[in-house]
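Chemist: A single structure is presented below for examination.
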Amino acid sequence: MRTEILGRRHTDTIVALGNLAATLWDRGQLDEAEKLEREVLGTQIELLGERHLDTLLAKGNLAETLRGGGQLEEVERLGRDVLNTRIELFGQRHPETITAMGNLAVTLGDCGRLEEAESLGRQVVDMRTELVGRCHPDTVLAIENLAVTLRNSGKLKEAEKLEQEVIDMGNESFE
């Protein structure tokens, strides 16, 4: 209905297509979600350009769907693109840039590139700690992600230490 009235390239239609893609993803229909997300991304690039925030969001959404389908090379490419653009637009220490760094660190870990994932993950933890504090949920997530990377790298003592820190922070939150 929306496409018939507004057209496939109208902003409201693009938002609706993105929402439908998210619903399909939630239902496990990754191929259909990917198709819609690629359409949304292509339209965003055409209308808004590569560096627009909505385009970056569309790239991130596509990357998460591709991650679910195991297409890690493309996830990494999209992740690097989003990170580099966010660095150009906002600088290295902006919260959205740090989120993109964290997403790329997880992707690198998924790809088995654990040294690079660890290095980037440590940067994310350090920057999050500096900007919002050690007990902030974003920092805790970064610590958890780093612990997974360390565990996968065989650095079990350090992973255990970080995991215990996360547990302790959770316990303090509920006291």
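FYI, nothing fancy with the structure tokens labels: chains A, B, ... in order, residues from 1 per chain, ligands from 1 as they appear.
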With DSSP run on the backbone, what are the helix (DSSP H, G or I) residues within range 20-124 of chain A? I'd like them as a PyMOL selection string.

Modeler: chain A and resi 20-26+30-48+53-68+72-90+95-110+114-124

Chemist: Could you write those residues out with C-alpha atoms, as an mmCIF file, in the first residue's frame?

Modeler:
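Writing the result to part.cif gives the following:
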```cif
data_model
loop_
_atom_site.group_PDB
_atom_site.id
_atom_site.type_symbol
_atom_site.label_atom_id
_atom_site.label_comp_id
_atom_site.auth_asym_id
_atom_site.auth_seq_id
_atom_site.Cartn_x
_atom_site.Cartn_y
_atom_site.Cartn_z
ATOM 1 C CA LEU A 20 9.863 -5.396 7.555
ATOM 2 C CA ALA A 21 13.425 -6.650 7.078
ATOM 3 C CA ALA A 22 13.942 -6.549 10.859
ATOM 4 C CA THR A 23 10.753 -8.542 11.401
ATOM 5 C CA LEU A 24 11.817 -11.114 8.821
ATOM 6 C CA TRP A 25 15.206 -11.349 10.563
ATOM 7 C CA ASP A 26 13.475 -11.923 13.900
ATOM 8 C CA LEU A 30 17.408 -14.246 6.635
ATOM 9 C CA ASP A 31 17.330 -14.494 2.832
ATOM 10 C CA GLU A 32 14.220 -12.334 2.593
ATOM 11 C CA ALA A 33 15.589 -9.899 5.189
ATOM 12 C CA GLU A 34 18.880 -9.646 3.310
ATOM 13 C CA LYS A 35 17.086 -8.903 0.033
ATOM 14 C CA LEU A 36 15.102 -6.050 1.600
ATOM 15 C CA GLU A 37 18.114 -4.676 3.476
ATOM 16 C CA ARG A 38 20.143 -4.602 0.271
ATOM 17 C CA GLU A 39 17.307 -2.698 -1.393
ATOM 18 C CA VAL A 40 17.119 -0.244 1.515
ATOM 19 C CA LEU A 41 20.894 0.247 1.467
ATOM 20 C CA GLY A 42 20.988 0.786 -2.291
ATOM 21 C CA THR A 43 18.210 3.353 -2.090
ATOM 22 C CA GLN A 44 19.854 5.129 0.861
ATOM 23 C CA ILE A 45 23.161 5.339 -1.004
ATOM 24 C CA GLU A 46 21.427 6.639 -4.130
ATOM 25 C CA LEU A 47 19.310 9.244 -2.322
ATOM 26 C CA LEU A 48 21.475 10.240 0.641
ATOM 27 C CA LEU A 53 23.850 8.419 9.007
ATOM 28 C CA ASP A 54 20.828 6.521 7.658
ATOM 29 C CA THR A 55 23.088 4.845 5.091
ATOM 30 C CA LEU A 56 25.506 3.797 7.836
ATOM 31 C CA LEU A 57 22.611 2.389 9.848
ATOM 32 C CA ALA A 58 21.417 0.438 6.799
ATOM 33 C CA LYS A 59 24.931 -0.984 6.334
ATOM 34 C CA GLY A 60 24.992 -2.059 9.966
ATOM 35 C CA ASN A 61 21.590 -3.723 9.665
ATOM 36 C CA LEU A 62 22.690 -5.607 6.557
ATOM 37 C CA ALA A 63 25.894 -6.667 8.304
ATOM 38 C CA GLU A 64 23.965 -8.176 11.225
ATOM 39 C CA THR A 65 21.753 -10.157 8.863
ATOM 40 C CA LEU A 66 24.785 -11.374 6.929
ATOM 41 C CA ARG A 67 26.456 -12.364 10.220
ATOM 42 C CA GLY A 68 23.445 -14.572 10.936
ATOM 43 C CA LEU A 72 31.650 -12.941 7.529
ATOM 44 C CA GLU A 73 33.852 -11.518 4.760
ATOM 45 C CA GLU A 74 31.112 -9.134 3.699
ATOM 46 C CA VAL A 75 30.264 -8.390 7.338
ATOM 47 C CA GLU A 76 33.895 -7.390 7.875
ATOM 48 C CA ARG A 77 33.936 -5.231 4.734
ATOM 49 C CA LEU A 78 30.759 -3.432 5.793
ATOM 50 C CA GLY A 79 32.040 -3.076 9.355
ATOM 51 C CA ARG A 80 35.311 -1.514 8.235
ATOM 52 C CA ASP A 81 33.448 0.840 5.925
ATOM 53 C CA VAL A 82 31.089 1.958 8.702
ATOM 54 C CA LEU A 83 33.999 2.404 11.124
ATOM 55 C CA ASN A 84 36.118 4.411 8.683
ATOM 56 C CA THR A 85 33.195 6.667 7.785
ATOM 57 C CA ARG A 86 32.316 7.245 11.439
ATOM 58 C CA ILE A 87 35.945 8.125 12.190
ATOM 59 C CA GLU A 88 35.883 10.649 9.323
ATOM 60 C CA LEU A 89 32.558 12.150 10.427
ATOM 61 C CA PHE A 90 32.847 12.078 14.220
ATOM 62 C CA PRO A 95 30.291 6.836 21.017
ATOM 63 C CA GLU A 96 28.994 5.745 17.585
ATOM 64 C CA THR A 97 32.554 5.278 16.338
ATOM 65 C CA ILE A 98 33.386 3.192 19.394
ATOM 66 C CA THR A 99 30.286 1.064 18.782
ATOM 67 C CA ALA A 100 31.466 0.458 15.212
ATOM 68 C CA MET A 101 34.904 -0.511 16.568
ATOM 69 C CA GLY A 102 33.290 -2.967 18.959
ATOM 70 C CA ASN A 103 31.191 -4.487 16.182
ATOM 71 C CA LEU A 104 34.281 -4.919 14.009
ATOM 72 C CA ALA A 105 36.197 -6.497 16.911
ATOM 73 C CA VAL A 106 33.434 -9.098 17.321
ATOM 74 C CA THR A 107 33.453 -9.759 13.573
ATOM 75 C CA LEU A 108 37.219 -10.224 13.535
ATOM 76 C CA GLY A 109 36.881 -12.675 16.407
ATOM 77 C CA ASP A 110 34.179 -14.547 14.491
ATOM 78 C CA LEU A 114 41.885 -13.120 17.315
ATOM 79 C CA GLU A 115 44.964 -10.904 17.701
ATOM 80 C CA GLU A 116 43.354 -8.096 15.723
ATOM 81 C CA ALA A 117 40.049 -8.644 17.540
ATOM 82 C CA GLU A 118 41.812 -8.492 20.902
ATOM 83 C CA SER A 119 43.686 -5.304 20.049
ATOM 84 C CA LEU A 120 40.544 -3.548 18.861
ATOM 85 C CA GLY A 121 38.518 -4.940 21.774
ATOM 86 C CA ARG A 122 41.027 -3.554 24.280
ATOM 87 C CA GLN A 123 40.789 -0.131 22.640
ATOM 88 C CA VAL A 124 37.004 -0.254 22.908
#
```

Chemist: I'd like the interatomic distance between CA of Val125 in chain A and CA of Gln71 in chain A, to a tenth of an Å.

Modeler: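 Answer for the CA of Val125 in chain A to CA of Gln71 in chain A separation: 26.3 Å.
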
Chemist: So which one's closest to His94 in chain A, A:Met169, A:Gly112, A:Val132, A:Val148? Using only C-alpha atoms, please.

Modeler: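 For His94 in chain A, the nearest of the given residues is A:Val132.
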
Chemist: Would you kindly return, as a list in words, each protein, DNA or RNA residue with an atom no farther than 10 Å from any atom of Pro137 in chain A, considering only C-alpha atoms and excluding same-chain residues fewer than 4 positions away?

Modeler: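 These residues fall inside the cut-off: Arg128, Val132, Gly133, Leu141, Ala142, Ile143, Met169 and Gly170 of chain A.
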